[in-house]
Amino acid sequence: SIDISKNICDNHKKKYLILLVSVTLSAFLLRFIYFEPKIPLTFDSLGYFFYALDTSVLGYLPPNYTPVNNGWPIFLSVFFSLSPSEDVFSYMQMQKLLSITLSSLTVIPIYFLCRTFFNRSLSIFGAALFAIEPRIIQNSILGVTEPLYILLGIISLVLFLNNKKMIYVSFAIVALTSIVRAEALLLLIPYSTMYFIKNGRNIRGIPKYIIAMMIVILILIPITTYTTEILGHDGLTSRFIGGASDFSKPSQYYEPENNSENNLLVPISNGVENFSKFLVWDLIPIFIFFVPIGSILIFKNLNYKTITIIFTCFTMAIPAFFAYSYPHLDTRYLY
């Protein structure tokens, strides 16, 4: 009977493994349908392309310029170096295909994130929602930073929630994610807070946290040193400090009301209005049905893991609020 039970369990796992692979492949096919190889890259994706191409040709990071978020083009440059070509469009196609692939592979860590809270069937369903979400599909074919950013961010969250032994890897991935987009550095706030809430009474947890933070610093030092030499700032902490400073002096972005040089009501009002508007817009058409129900359920079942999710969501919403307060009107800030 033990052997029969084991075989049933193995078959059950194989079935869901096949389903997960099928959802991942379906996600790729959905994105590939909208892939247009003849359309060149534009705007941000074009800037990342030139930096990645220069890096692959030089064999090292360009010494005279860099985008603030250079993790994605550095990642691209590795693949450009592995597949040399004289056709510029072939590199652009590669950039888009890599973006599509990374977005499709994100289905896998999303499944494991859902698995933290639900059974296998609902976790497959949650992963499928990401696979078919129209705005995520549209974003994945642009060749920009979000697919890699989301993939790394979710992997770090899954490791942080589910494996104590992988705490170092989780923090290391946060550092790598912040090179892709500086906003990811804010993940250290909920991770650190929840880590001490869970391990505060255990003295052994303090050295582990110190080691984890040292890993983060060691990963970031080379790239921040390089960025500082070129741009005059590190591209990480300087952005948060500069953003807070700009927010406290809105007169440089808005006409001051009532002759007040520092009227904070203007950016706050814009932030609230635009954040709410774009949040609802991003939820349409799929998530508008699930987020209200999920919000109620997650607050009804508060524990360490659900509080971590809530804390992380609120923390990562801060950069979007700042962006919408200026206002920079783009749905990408909420991804």
# chains A, B, ... in the order shown; residues from 1 in each chain; ligands from 1
call {"tool": "residues_around", "arguments": {"residues": "Glu146 of chain A", "least_positions_apart": "3", "cutoff": "12 Å", "atoms": "only C-alpha atoms", "output": "number ranges by chain"}}
result
A: 44-45, 69, 71-72, 98-100, 102-103, 106, 135-143, 149-154, 177-178, 180-184, 331-335
call {"tool": "residues_around", "arguments": {"residues": "Met92 of chain A", "least_positions_apart": "4", "cutoff": "10 Å", "atoms": "only C-alpha atoms", "output": "ChimeraX atom specification"}}
result
/A:37-41,45-46,49-50,53,80,87-88,96-98,143
call {"tool": "select_by_dssp", "arguments": {"residues": "segment 123-318 of chain A", "states": "helix (DSSP H, G or I)", "output": "count of residues only"}}
result
162
call {"tool": "closest_residue", "arguments": {"among": "A:Gly126, A:Gly47, A:Pro134, A:Pro109", "to": "Ile155 of chain A", "atoms": "only C-alpha atoms"}}
result
A:Pro109
call {"tool": "closest_residue", "arguments": {"among": "A:Pro63, A:Pro267, A:Gly235, A:Pro73", "to": "Ile223 of chain A", "atoms": "only C-alpha atoms"}}
result
A:Gly235
call {"tool": "closest_residue", "arguments": {"among": "A:Phe311, A:Tyr16, A:Tyr326, A:Phe278", "to": "Leu122 of chain A", "atoms": "only C-alpha atoms"}}
result
A:Tyr16
call {"tool": "closest_atom_pairs", "arguments": {"of": "segment 283-333 of chain A", "to": "segment 193-208 of chain A", "cutoff": "12 Å", "atoms": "only C-alpha atoms", "output": "JSON lines"}}
result
{"residue": "A:Asn303", "atom": "CA", "partner": "A:Lys198", "partner_atom": "CA", "distance": 10.9}
{"residue": "A:Tyr304", "atom": "CA", "partner": "A:Met194", "partner_atom": "CA", "distance": 7.7}
{"residue": "A:Lys305", "atom": "CA", "partner": "A:Met194", "partner_atom": "CA", "distance": 9.0}
{"residue": "A:Thr306", "atom": "CA", "partner": "A:Met194", "partner_atom": "CA", "distance": 10.9}
{"residue": "A:Ile307", "atom": "CA", "partner": "A:Met194", "partner_atom": "CA", "distance": 8.4}
{"residue": "A:Thr308", "atom": "CA", "partner": "A:Met194", "partner_atom": "CA", "distance": 6.5}
{"residue": "A:Ile309", "atom": "CA", "partner": "A:Met194", "partner_atom": "CA", "distance": 10.2}
{"residue": "A:Ile310", "atom": "CA", "partner": "A:Met194", "partner_atom": "CA", "distance": 11.2}
{"residue": "A:Phe311", "atom": "CA", "partner": "A:Met194", "partner_atom": "CA", "distance": 8.8}
{"residue": "A:Thr312", "atom": "CA", "partner": "A:Met194", "partner_atom": "CA", "distance": 9.9}
{"residue": "A:Thr315", "atom": "CA", "partner": "A:Thr193", "partner_atom": "CA", "distance": 11.6}
call {"tool": "write_last_selection", "arguments": {"atoms": "C-alpha atoms", "output": "PDB file, in the first residue's frame"}}
result
ATOM      1  CA  ASN A 303       0.286  35.428   9.193  1.00  0.00           C
ATOM      2  CA  TYR A 304       4.000  35.892   8.614  1.00  0.00           C
ATOM      3  CA  LYS A 305       3.829  35.127   4.885  1.00  0.00           C
ATOM      4  CA  THR A 306       0.701  37.151   4.069  1.00  0.00           C
ATOM      5  CA  ILE A 307       2.008  40.141   6.065  1.00  0.00           C
ATOM      6  CA  THR A 308       5.259  39.901   4.057  1.00  0.00           C
ATOM      7  CA  ILE A 309       3.257  40.046   0.830  1.00  0.00           C
ATOM      8  CA  ILE A 310       1.215  43.042   2.030  1.00  0.00           C
ATOM      9  CA  PHE A 311       4.293  44.894   3.318  1.00  0.00           C
ATOM     10  CA  THR A 312       6.160  44.210   0.069  1.00  0.00           C
ATOM     11  CA  THR A 315       6.696  49.315  -0.150  1.00  0.00           C
TER      12      THR A 315
END
call {"tool": "closest_residue", "arguments": {"among": "A:Leu187, A:Ser156, A:Phe117, A:Ile318", "to": "Gly294 of chain A", "atoms": "only C-alpha atoms"}}
result
A:Phe117
call {"tool": "atom_distance", "arguments": {"atom1": "atom CA of Phe125 of chain A", "atom2": "atom CA of Ile298 of chain A"}}
result
17.4 Å
call {"tool": "atom_distance", "arguments": {"atom1": "atom CA of Ser170 of chain A", "atom2": "atom CA of Pro190 of chain A"}}
result
12.6 Å
call {"tool": "residues_around", "arguments": {"residues": "Val21 of chain A", "least_positions_apart": "5", "cutoff": "12 Å", "atoms": "only C-alpha atoms", "output": "PyMOL selection string"}}
result
chain A and resi 14-16+26-28+104-108+111+124+127-128+131
call {"tool": "atom_distance", "arguments": {"atom1": "atom CA of Tyr168 of chain A", "atom2": "atom CA of Ile211 of chain A"}}
result
7.6 Å
call {"tool": "decode", "arguments": {"residues": "segment 68-84 of chain A", "atoms": "C-alpha atoms", "output": "mmCIF file, in the first residue's frame"}}
result
data_model
loop_
_atom_site.group_PDB
_atom_site.id
_atom_site.type_symbol
_atom_site.label_atom_id
_atom_site.label_comp_id
_atom_site.auth_asym_id
_atom_site.auth_seq_id
_atom_site.Cartn_x
_atom_site.Cartn_y
_atom_site.Cartn_z
ATOM 1 C CA VAL A 68 21.135 54.603 -14.850
ATOM 2 C CA ASN A 69 19.607 51.113 -14.859
ATOM 3 C CA ASN A 70 22.226 49.085 -16.715
ATOM 4 C CA GLY A 71 21.496 45.548 -15.465
ATOM 5 C CA TRP A 72 19.287 44.631 -18.422
ATOM 6 C CA PRO A 73 21.703 45.787 -21.166
ATOM 7 C CA ILE A 74 24.626 44.102 -19.368
ATOM 8 C CA PHE A 75 22.577 40.891 -19.378
ATOM 9 C CA LEU A 76 21.831 41.412 -23.086
ATOM 10 C CA SER A 77 25.493 41.984 -23.935
ATOM 11 C CA VAL A 78 26.347 38.432 -22.838
ATOM 12 C CA PHE A 79 23.987 36.990 -25.456
ATOM 13 C CA PHE A 80 25.123 39.493 -28.076
ATOM 14 C CA SER A 81 28.711 38.328 -27.504
ATOM 15 C CA LEU A 82 27.734 34.669 -27.808
ATOM 16 C CA SER A 83 25.977 35.252 -31.155
ATOM 17 C CA PRO A 84 28.016 37.774 -33.181
#
